[in-house]
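Worksheet: the structure to be examined is printed underneath.
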Amino acid sequence: AQGNVTLPDGTVIFQLCFKAKTNNVTTNVTFASNAEIVDKDEDFVPFNGDGGRVIVGTGTGGGGTSGPFTLDLLDASVQSGLEVCLPMTTTNFNNIQGMEFTVTYDPAKLQFKEVKDLNLTGLELASSFGLPGMGSNPVGTMKVSWNSPDGLGKSVNNGTTLFRVCFTAIGSNTTAVVGFSNTSEVINGNDQVVPLTASPGNITITGSGGNANLSLVVGSKTVAPNQEVCLDVKTAK
């Protein structure tokens with residue numbers, strides 16, 4: 001039998017390949033909650049899985065696909081006591097000048113840790129985020145406010161991750177929903193109000209984990225109809 005294997009973070013261990021069948025749809029690719037990992041000592045290793053997605057369509061910002069402006073938090077699974085990060089992705093981010101919304105979570109199940117990997121011009125940690133428990137923001141809420149730096153509408157590709165929000169799982173054997181409040185405002189480059197379609201993320205929290213854990217993340221891609229697309233499954237911190 002082979003011995004134990006150690007891989008650096010970011011190693012692609014395999015790919016998942018699909019053929020796109022229907023145009024202008026989005027499919028999430030996530031991990032089930034029953035993953036089982038064993039180390040060289042035959043001890044169970046806590047598992048943390050961050051899902052990805054396939055967007056079928058042209059995926060070009062500024063008129064790639066028709067449909068509502070969407071913000072989507074992907075699902076994930078994590079062992080209690082470990083960190084989990086949810087990507088905030090977007091679809092039909094076309095000619096958007098400004099947006100304001102609030103992310104919500106259950107502080108009895110999740111402890112906020114950080115926001116990272118900011119990926120939108122003008123989106124800054126110090127000025128764009130009202131973090132939980134800071135100022136007038138109660139624990140369990142995170143306010144996001146962004147305006148185009150030059151006042152003009154901006155467009156990004158479908159499936160773009162705008163940022164990642166990270167938590168430590170403090171619940172056990174439960175599901176924690178990271179969602180959106182009912183209050184939001186999105187304005188386009190023509191100073192018109194744009195309806196927001198917001199999709200929450202579900203975090204499946206399993207029993208207590210140890211110090212060592214295995215984290216895998218699935219990539220996200222945009223593909224044309226009737227074409228094949230392959231998503232990397234990578235090791236992560």
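Following the order of the structure tokens, first chain is A, next is B, and so on, with residues numbered from 1 inside each chain and ligands from 1 in the order they appear.
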Problem - Who sits within 10 Å of Thr141 (chain A), only C-alpha atoms, same chain under 6 positions skipped, as a list in words - result: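 Here the qualifying residues turn out to be Thr102, Val103, Thr104, Tyr105, Asp106, Pro107, Phe112, Gly130, Leu131, Pro132, Gly133, Met134, Val178, Gly179, Phe180 and Ser181 of chain A.
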Please, could you write that set of residues out with N, CA, C and O atoms as a PDB file, in the first residue's frame?
ATOM      1  N   THR A 102     -26.873  44.132   2.789  1.00  0.00           N
ATOM      2  CA  THR A 102     -26.416  43.617   4.073  1.00  0.00           C
ATOM      3  C   THR A 102     -26.418  42.100   4.058  1.00  0.00           C
ATOM      4  O   THR A 102     -27.429  41.474   3.697  1.00  0.00           O
ATOM      5  N   VAL A 103     -25.296  41.508   4.420  1.00  0.00           N
ATOM      6  CA  VAL A 103     -25.161  40.063   4.568  1.00  0.00           C
ATOM      7  C   VAL A 103     -25.516  39.686   6.008  1.00  0.00           C
ATOM      8  O   VAL A 103     -25.109  40.366   6.956  1.00  0.00           O
ATOM      9  N   THR A 104     -26.299  38.627   6.173  1.00  0.00           N
ATOM     10  CA  THR A 104     -26.726  38.200   7.499  1.00  0.00           C
ATOM     11  C   THR A 104     -26.280  36.763   7.769  1.00  0.00           C
ATOM     12  O   THR A 104     -26.128  35.964   6.848  1.00  0.00           O
ATOM     13  N   TYR A 105     -26.080  36.446   9.059  1.00  0.00           N
ATOM     14  CA  TYR A 105     -25.725  35.086   9.467  1.00  0.00           C
ATOM     15  C   TYR A 105     -26.122  34.886  10.921  1.00  0.00           C
ATOM     16  O   TYR A 105     -26.424  35.854  11.645  1.00  0.00           O
ATOM     17  N   ASP A 106     -26.142  33.644  11.369  1.00  0.00           N
ATOM     18  CA  ASP A 106     -26.531  33.311  12.735  1.00  0.00           C
ATOM     19  C   ASP A 106     -25.275  33.267  13.615  1.00  0.00           C
ATOM     20  O   ASP A 106     -24.464  32.345  13.482  1.00  0.00           O
ATOM     21  N   PRO A 107     -25.087  34.235  14.515  1.00  0.00           N
ATOM     22  CA  PRO A 107     -23.876  34.260  15.332  1.00  0.00           C
ATOM     23  C   PRO A 107     -23.798  33.112  16.338  1.00  0.00           C
ATOM     24  O   PRO A 107     -22.745  32.904  16.950  1.00  0.00           O
ATOM     25  N   PHE A 112     -17.807  35.515  12.746  1.00  0.00           N
ATOM     26  CA  PHE A 112     -17.170  36.220  11.636  1.00  0.00           C
ATOM     27  C   PHE A 112     -15.661  36.276  11.850  1.00  0.00           C
ATOM     28  O   PHE A 112     -15.184  36.530  12.954  1.00  0.00           O
ATOM     29  N   GLY A 130     -19.082  47.456   6.500  1.00  0.00           N
ATOM     30  CA  GLY A 130     -19.414  47.653   7.897  1.00  0.00           C
ATOM     31  C   GLY A 130     -19.400  46.289   8.560  1.00  0.00           C
ATOM     32  O   GLY A 130     -20.325  45.498   8.411  1.00  0.00           O
ATOM     33  N   LEU A 131     -18.326  45.972   9.261  1.00  0.00           N
ATOM     34  CA  LEU A 131     -18.108  44.620   9.759  1.00  0.00           C
ATOM     35  C   LEU A 131     -18.980  44.333  10.982  1.00  0.00           C
ATOM     36  O   LEU A 131     -19.370  45.244  11.720  1.00  0.00           O
ATOM     37  N   PRO A 132     -19.275  43.063  11.218  1.00  0.00           N
ATOM     38  CA  PRO A 132     -20.131  42.692  12.358  1.00  0.00           C
ATOM     39  C   PRO A 132     -19.560  43.181  13.686  1.00  0.00           C
ATOM     40  O   PRO A 132     -18.373  43.027  13.958  1.00  0.00           O
ATOM     41  N   GLY A 133     -20.428  43.795  14.509  1.00  0.00           N
ATOM     42  CA  GLY A 133     -20.022  44.258  15.822  1.00  0.00           C
ATOM     43  C   GLY A 133     -19.249  45.566  15.820  1.00  0.00           C
ATOM     44  O   GLY A 133     -18.844  46.050  16.872  1.00  0.00           O
ATOM     45  N   MET A 134     -19.063  46.164  14.648  1.00  0.00           N
ATOM     46  CA  MET A 134     -18.320  47.418  14.540  1.00  0.00           C
ATOM     47  C   MET A 134     -19.299  48.569  14.277  1.00  0.00           C
ATOM     48  O   MET A 134     -20.196  48.451  13.434  1.00  0.00           O
ATOM     49  N   VAL A 178     -26.102  31.829   5.325  1.00  0.00           N
ATOM     50  CA  VAL A 178     -25.535  33.162   5.169  1.00  0.00           C
ATOM     51  C   VAL A 178     -26.345  33.834   4.067  1.00  0.00           C
ATOM     52  O   VAL A 178     -26.263  33.440   2.896  1.00  0.00           O
ATOM     53  N   GLY A 179     -27.151  34.800   4.438  1.00  0.00           N
ATOM     54  CA  GLY A 179     -28.101  35.358   3.483  1.00  0.00           C
ATOM     55  C   GLY A 179     -28.007  36.867   3.354  1.00  0.00           C
ATOM     56  O   GLY A 179     -26.956  37.475   3.603  1.00  0.00           O
ATOM     57  N   PHE A 180     -29.119  37.463   2.983  1.00  0.00           N
ATOM     58  CA  PHE A 180     -29.197  38.895   2.724  1.00  0.00           C
ATOM     59  C   PHE A 180     -30.421  39.469   3.434  1.00  0.00           C
ATOM     60  O   PHE A 180     -31.464  38.817   3.500  1.00  0.00           O
ATOM     61  N   SER A 181     -30.297  40.685   3.929  1.00  0.00           N
ATOM     62  CA  SER A 181     -31.465  41.354   4.508  1.00  0.00           C
ATOM     63  C   SER A 181     -32.392  41.800   3.380  1.00  0.00           C
ATOM     64  O   SER A 181     -32.041  41.756   2.197  1.00  0.00           O
TER      65      SER A 181
END
Exercise for the section: Using DSSP on the backbone coordinates, identify all residues within region 59-197 of chain A classified as strand (DSSP E or B); present the result as an NGL selection string. Expected result: :A and (69-73 or 76-80 or 83-91 or 96-104 or 110-116 or 129-130 or 141-147 or 154 or 160-169 or 174-180 or 185-188 or 193 or 196-197)
Go through region 15-205 of chain A and collect every residue that DSSP, computed from the backbone, puts in alpha helix (DSSP H); the answer should be as an mmCIF file with all heavy atoms, in the first residue's frame.
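Wrote it out as states38.cif, contents follow:
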data_model
loop_
_atom_site.group_PDB
_atom_site.id
_atom_site.type_symbol
_atom_site.label_atom_id
_atom_site.label_comp_id
_atom_site.auth_asym_id
_atom_site.auth_seq_id
_atom_site.Cartn_x
_atom_site.Cartn_y
_atom_site.Cartn_z
ATOM 1 N N LEU A 125 -11.693 47.438 1.872
ATOM 2 C CA LEU A 125 -12.081 46.904 3.177
ATOM 3 C C LEU A 125 -12.452 48.018 4.149
ATOM 4 O O LEU A 125 -13.452 47.932 4.868
ATOM 5 C CB LEU A 125 -10.940 46.057 3.749
ATOM 6 C CG LEU A 125 -11.235 45.347 5.078
ATOM 7 C CD1 LEU A 125 -12.411 44.391 4.937
ATOM 8 C CD2 LEU A 125 -10.001 44.596 5.558
ATOM 9 N N ALA A 126 -11.661 49.090 4.175
ATOM 10 C CA ALA A 126 -11.877 50.152 5.160
ATOM 11 C C ALA A 126 -13.141 50.955 4.897
ATOM 12 O O ALA A 126 -13.821 51.387 5.838
ATOM 13 C CB ALA A 126 -10.667 51.077 5.191
ATOM 14 N N SER A 127 -13.479 51.168 3.613
ATOM 15 C CA SER A 127 -14.576 52.081 3.291
ATOM 16 C C SER A 127 -15.840 51.393 2.789
ATOM 17 O O SER A 127 -16.916 52.007 2.792
ATOM 18 C CB SER A 127 -14.109 53.087 2.229
ATOM 19 O OG SER A 127 -13.673 52.418 1.052
ATOM 20 N N SER A 128 -15.748 50.142 2.360
ATOM 21 C CA SER A 128 -16.895 49.478 1.722
ATOM 22 C C SER A 128 -17.625 48.498 2.629
ATOM 23 O O SER A 128 -18.722 48.054 2.283
ATOM 24 C CB SER A 128 -16.434 48.737 0.460
ATOM 25 O OG SER A 128 -15.827 49.607 -0.471
#
Under the rule of at most 7 Å, produce a per-residue listing of region 20-135 of chain A near region 158-167 of chain A: chain, number, name, the closest pair of atoms, and the distance in Å, as CSV, using only C-alpha atoms.
residue,atom,partner,partner_atom,distance
A:Ile55,CA,A:Gly159,CA,6.7
A:Gly59,CA,A:Asn158,CA,4.8
A:Thr60,CA,A:Asn158,CA,6.5
A:Gly61,CA,A:Asn158,CA,6.4
A:Glu83,CA,A:Phe167,CA,5.6
A:Val84,CA,A:Phe167,CA,5.5
A:Cys85,CA,A:Cys166,CA,4.0
A:Leu86,CA,A:Arg164,CA,5.4
A:Pro87,CA,A:Arg164,CA,4.4
A:Met88,CA,A:Thr161,CA,5.5
A:Thr89,CA,A:Thr161,CA,4.3
A:Thr90,CA,A:Gly159,CA,5.5
A:Thr91,CA,A:Asn158,CA,4.5
A:Asn92,CA,A:Asn158,CA,6.1
A:Leu110,CA,A:Phe167,CA,5.9
A:Gln111,CA,A:Phe167,CA,5.3
A:Phe112,CA,A:Phe167,CA,4.5
A:Lys113,CA,A:Phe167,CA,4.9
A:Glu114,CA,A:Cys166,CA,5.3
A:Val115,CA,A:Val165,CA,4.6
A:Lys116,CA,A:Arg164,CA,5.3
A:Asp117,CA,A:Phe163,CA,5.2
A:Leu118,CA,A:Phe163,CA,4.5
A:Asn119,CA,A:Leu162,CA,4.8
A:Leu120,CA,A:Leu162,CA,5.9
Might you pull out every residue within 9 Å of Ile37 (chain A), with only C-alpha atoms counted and same-chain residues fewer than 6 positions away left off, and present them as a short mmCIF file (atom, residue, chain, number, x, y, z; two decimals) with C-alpha atoms, in the first residue's frame?
data_model
loop_
_atom_site.label_atom_id
_atom_site.label_comp_id
_atom_site.auth_asym_id
_atom_site.auth_seq_id
_atom_site.Cartn_x
_atom_site.Cartn_y
_atom_site.Cartn_z
CA ASP A 43 -7.51 8.93 12.19
CA PHE A 44 -10.37 10.87 10.66
CA VAL A 45 -9.39 14.29 9.28
CA PRO A 46 -11.85 17.21 9.36
CA PHE A 47 -12.98 18.24 5.87
CA LEU A 214 -8.22 19.00 4.56
#
Handout entry: Nearest to Val233 (chain A) by atom-to-atom distance, counting only C-alpha atoms, from A:Gly201, A:Val29, A:Val193, A:Val217
Key =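 Closest to Val233 (chain A), using only C-alpha atoms: A:Val217.
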Contact residues around Ser199 (chain A) with only C-alpha atoms at 7 Å, ignoring same-chain residues under 4 positions, as a compact mmCIF listing (two decimals) with all heavy atoms, in the first residue's frame:
# COMPACT_ATOMS: atom_id res chain seq x y z
N LEU A 71 -26.57 38.48 -6.98
CA LEU A 71 -25.47 38.20 -6.06
C LEU A 71 -25.73 36.84 -5.44
O LEU A 71 -26.84 36.56 -5.00
CB LEU A 71 -25.37 39.27 -4.97
CG LEU A 71 -25.00 40.68 -5.43
CD1 LEU A 71 -25.09 41.66 -4.27
CD2 LEU A 71 -23.60 40.71 -6.04
N ASP A 72 -24.70 36.01 -5.41
CA ASP A 72 -24.89 34.62 -5.01
C ASP A 72 -23.77 34.18 -4.09
O ASP A 72 -22.59 34.31 -4.43
CB ASP A 72 -24.92 33.73 -6.26
CG ASP A 72 -25.34 32.31 -5.98
OD1 ASP A 72 -25.67 32.00 -4.81
OD2 ASP A 72 -25.35 31.50 -6.92
N LEU A 73 -24.12 33.69 -2.91
CA LEU A 73 -23.17 33.10 -1.99
C LEU A 73 -23.20 31.58 -2.18
O LEU A 73 -24.26 30.96 -2.08
CB LEU A 73 -23.51 33.45 -0.54
CG LEU A 73 -23.18 34.88 -0.12
CD1 LEU A 73 -23.94 35.26 1.15
CD2 LEU A 73 -21.68 35.03 0.10
Problem - CA of Phe69 (chain A) to CA of Gly153 (chain A), straight-line distance in Å - result: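 Spanning CA of Gly153 (chain A) to CA of Phe69 (chain A) is a straight-line distance of 13.4 Å.
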What's the 6 Å shell around Val54 (chain A), counting only C-alpha atoms, without same-chain residues fewer than 3 positions away, as a short mmCIF file (atom, residue, chain, number, x, y, z; two decimals) with N, CA, C and O atoms, in the first residue's frame?
data_model
loop_
_atom_site.label_atom_id
_atom_site.label_comp_id
_atom_site.auth_asym_id
_atom_site.auth_seq_id
_atom_site.Cartn_x
_atom_site.Cartn_y
_atom_site.Cartn_z
N THR A 26 -27.21 28.70 -14.50
CA THR A 26 -26.09 28.57 -13.57
C THR A 26 -26.29 27.33 -12.72
O THR A 26 -27.38 27.10 -12.19
N THR A 27 -25.25 26.51 -12.62
CA THR A 27 -25.31 25.29 -11.82
C THR A 27 -24.19 25.32 -10.78
O THR A 27 -23.03 25.50 -11.12
N SER A 220 -14.68 27.79 -10.69
CA SER A 220 -15.87 28.25 -11.39
C SER A 220 -15.48 28.69 -12.79
O SER A 220 -14.41 29.28 -12.98
N LYS A 221 -16.36 28.41 -13.75
CA LYS A 221 -16.08 28.80 -15.14
C LYS A 221 -17.38 29.13 -15.87
O LYS A 221 -18.45 28.69 -15.48
N THR A 222 -17.21 29.90 -16.95
CA THR A 222 -18.30 30.19 -17.87
C THR A 222 -18.04 29.42 -19.16
O THR A 222 -16.90 29.34 -19.62
#
Practice task
Pick out the closest residue to Asn190 (chain A) from this set: A:Lys154, A:Pro68, A:Val78, A:Glu36. Count only C-alpha atoms.
Solution key: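 Nearest to Asn190 (chain A): A:Lys154.
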Practice task
Write out as a ChimeraX atom specification the residues lying within 9 Å of Ser80 (chain A), counting only C-alpha atoms and excluding same-chain residues fewer than 5 positions away.
Solution key: /A:46,168-173,205-209
Those same residues, written as a PDB file, in the first residue's frame with N, CA, C and O atoms?
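Once everything was written out, this is result.pdb:
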ATOM      1  N   PRO A  46     -10.756  16.300   9.673  1.00  0.00           N
ATOM      2  CA  PRO A  46     -11.850  17.214   9.359  1.00  0.00           C
ATOM      3  C   PRO A  46     -11.767  17.699   7.914  1.00  0.00           C
ATOM      4  O   PRO A  46     -10.676  17.969   7.396  1.00  0.00           O
ATOM      5  N   THR A 168     -15.632  31.251  11.307  1.00  0.00           N
ATOM      6  CA  THR A 168     -15.289  30.047  12.059  1.00  0.00           C
ATOM      7  C   THR A 168     -16.592  29.389  12.477  1.00  0.00           C
ATOM      8  O   THR A 168     -17.482  30.048  13.049  1.00  0.00           O
ATOM      9  N   ALA A 169     -16.728  28.103  12.151  1.00  0.00           N
ATOM     10  CA  ALA A 169     -17.949  27.379  12.498  1.00  0.00           C
ATOM     11  C   ALA A 169     -17.937  27.075  13.996  1.00  0.00           C
ATOM     12  O   ALA A 169     -17.010  26.440  14.501  1.00  0.00           O
ATOM     13  N   ILE A 170     -18.954  27.532  14.730  1.00  0.00           N
ATOM     14  CA  ILE A 170     -19.038  27.266  16.167  1.00  0.00           C
ATOM     15  C   ILE A 170     -20.248  26.401  16.507  1.00  0.00           C
ATOM     16  O   ILE A 170     -20.372  25.932  17.640  1.00  0.00           O
ATOM     17  N   GLY A 171     -21.135  26.183  15.533  1.00  0.00           N
ATOM     18  CA  GLY A 171     -22.217  25.226  15.723  1.00  0.00           C
ATOM     19  C   GLY A 171     -21.701  23.825  15.449  1.00  0.00           C
ATOM     20  O   GLY A 171     -20.526  23.614  15.113  1.00  0.00           O
ATOM     21  N   SER A 172     -22.555  22.823  15.608  1.00  0.00           N
ATOM     22  CA  SER A 172     -22.158  21.443  15.350  1.00  0.00           C
ATOM     23  C   SER A 172     -23.365  20.657  14.859  1.00  0.00           C
ATOM     24  O   SER A 172     -24.469  20.777  15.410  1.00  0.00           O
ATOM     25  N   ASN A 173     -23.136  19.895  13.774  1.00  0.00           N
ATOM     26  CA  ASN A 173     -24.193  19.065  13.195  1.00  0.00           C
ATOM     27  C   ASN A 173     -25.447  19.886  12.895  1.00  0.00           C
ATOM     28  O   ASN A 173     -26.560  19.568  13.323  1.00  0.00           O
ATOM     29  N   ILE A 205     -22.400  22.263   8.789  1.00  0.00           N
ATOM     30  CA  ILE A 205     -21.399  22.142   9.861  1.00  0.00           C
ATOM     31  C   ILE A 205     -21.527  20.760  10.482  1.00  0.00           C
ATOM     32  O   ILE A 205     -22.589  20.390  10.992  1.00  0.00           O
ATOM     33  N   THR A 206     -20.456  19.999  10.421  1.00  0.00           N
ATOM     34  CA  THR A 206     -20.451  18.670  11.020  1.00  0.00           C
ATOM     35  C   THR A 206     -19.753  18.719  12.378  1.00  0.00           C
ATOM     36  O   THR A 206     -19.416  19.787  12.873  1.00  0.00           O
ATOM     37  N   GLY A 207     -19.517  17.543  12.983  1.00  0.00           N
ATOM     38  CA  GLY A 207     -18.991  17.469  14.347  1.00  0.00           C
ATOM     39  C   GLY A 207     -17.646  18.126  14.508  1.00  0.00           C
ATOM     40  O   GLY A 207     -17.012  18.584  13.552  1.00  0.00           O
ATOM     41  N   SER A 208     -17.174  18.182  15.734  1.00  0.00           N
ATOM     42  CA  SER A 208     -15.936  18.889  16.057  1.00  0.00           C
ATOM     43  C   SER A 208     -14.752  18.340  15.292  1.00  0.00           C
ATOM     44  O   SER A 208     -14.615  17.132  15.102  1.00  0.00           O
ATOM     45  N   GLY A 209     -13.889  19.248  14.857  1.00  0.00           N
ATOM     46  CA  GLY A 209     -12.687  18.859  14.127  1.00  0.00           C
ATOM     47  C   GLY A 209     -11.447  19.032  14.970  1.00  0.00           C
ATOM     48  O   GLY A 209     -11.459  19.667  16.021  1.00  0.00           O
TER      49      GLY A 209
END
Exercise for the section: Determine the nearest neighbour of Lys19 (chain A) from the options A:Val229, A:Ala32, A:Val156, A:Ala236, counting only C-alpha atoms. Expected result: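 Nearest to Lys19 (chain A): A:Val229.
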Handout entry: Which residue of A:Asn147, A:Arg53, A:Asn4, A:Phe93 approaches Leu16 (chain A) most closely, using only C-alpha atoms
Key =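 Under the stated criterion, the closest residue is A:Arg53.
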Handout entry: From A:Ser145, A:Leu123, A:Asn157, A:Phe31, residue lying nearest Val223 (chain A) [only C-alpha atoms]
Key = A:Asn157
Handout entry: Atomic separation - CA of Gly135 (chain A) relative to CA of Asp75 (chain A), Å
Key =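 Spanning CA of Asp75 (chain A) to CA of Gly135 (chain A) is a straight-line distance of 28.7 Å.
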Residues within 7 Å of Asp232 (chain A), only C-alpha atoms, excluding chain neighbours under 2 positions, as a PDB file with N, CA, C and O atoms, in the first residue's frame:
ATOM      1  N   VAL A  12      -3.836  21.121  -7.914  1.00  0.00           N
ATOM      2  CA  VAL A  12      -5.007  20.538  -8.570  1.00  0.00           C
ATOM      3  C   VAL A  12      -4.910  19.025  -8.449  1.00  0.00           C
ATOM      4  O   VAL A  12      -3.970  18.420  -8.952  1.00  0.00           O
ATOM      5  N   PHE A  14      -7.664  16.842  -9.156  1.00  0.00           N
ATOM      6  CA  PHE A  14      -8.406  16.271 -10.284  1.00  0.00           C
ATOM      7  C   PHE A  14      -9.305  17.341 -10.871  1.00  0.00           C
ATOM      8  O   PHE A  14      -9.418  18.454 -10.320  1.00  0.00           O
ATOM      9  N   GLN A  15      -9.944  17.021 -11.994  1.00  0.00           N
ATOM     10  CA  GLN A  15     -10.883  17.925 -12.642  1.00  0.00           C
ATOM     11  C   GLN A  15     -12.244  17.249 -12.774  1.00  0.00           C
ATOM     12  O   GLN A  15     -12.335  16.035 -12.963  1.00  0.00           O
ATOM     13  N   LEU A  16     -13.277  18.061 -12.683  1.00  0.00           N
ATOM     14  CA  LEU A  16     -14.637  17.619 -12.966  1.00  0.00           C
ATOM     15  C   LEU A  16     -15.057  18.228 -14.290  1.00  0.00           C
ATOM     16  O   LEU A  16     -15.009  19.452 -14.456  1.00  0.00           O
ATOM     17  N   VAL A 218     -13.595  23.948  -5.318  1.00  0.00           N
ATOM     18  CA  VAL A 218     -13.948  23.714  -6.722  1.00  0.00           C
ATOM     19  C   VAL A 218     -13.912  25.038  -7.460  1.00  0.00           C
ATOM     20  O   VAL A 218     -14.424  26.050  -6.963  1.00  0.00           O
ATOM     21  N   GLY A 219     -13.323  25.068  -8.636  1.00  0.00           N
ATOM     22  CA  GLY A 219     -13.268  26.283  -9.433  1.00  0.00           C
ATOM     23  C   GLY A 219     -14.607  26.635 -10.051  1.00  0.00           C
ATOM     24  O   GLY A 219     -15.584  25.882  -9.961  1.00  0.00           O
ATOM     25  N   CYS A 230     -14.303  22.083 -17.757  1.00  0.00           N
ATOM     26  CA  CYS A 230     -13.687  21.310 -16.678  1.00  0.00           C
ATOM     27  C   CYS A 230     -13.332  22.245 -15.515  1.00  0.00           C
ATOM     28  O   CYS A 230     -12.734  23.308 -15.728  1.00  0.00           O
ATOM     29  N   LYS A 234      -9.011  21.858  -6.155  1.00  0.00           N
ATOM     30  CA  LYS A 234      -7.691  22.162  -5.607  1.00  0.00           C
ATOM     31  C   LYS A 234      -7.670  22.008  -4.086  1.00  0.00           C
ATOM     32  O   LYS A 234      -8.698  22.146  -3.417  1.00  0.00           O
TER      33      LYS A 234
END
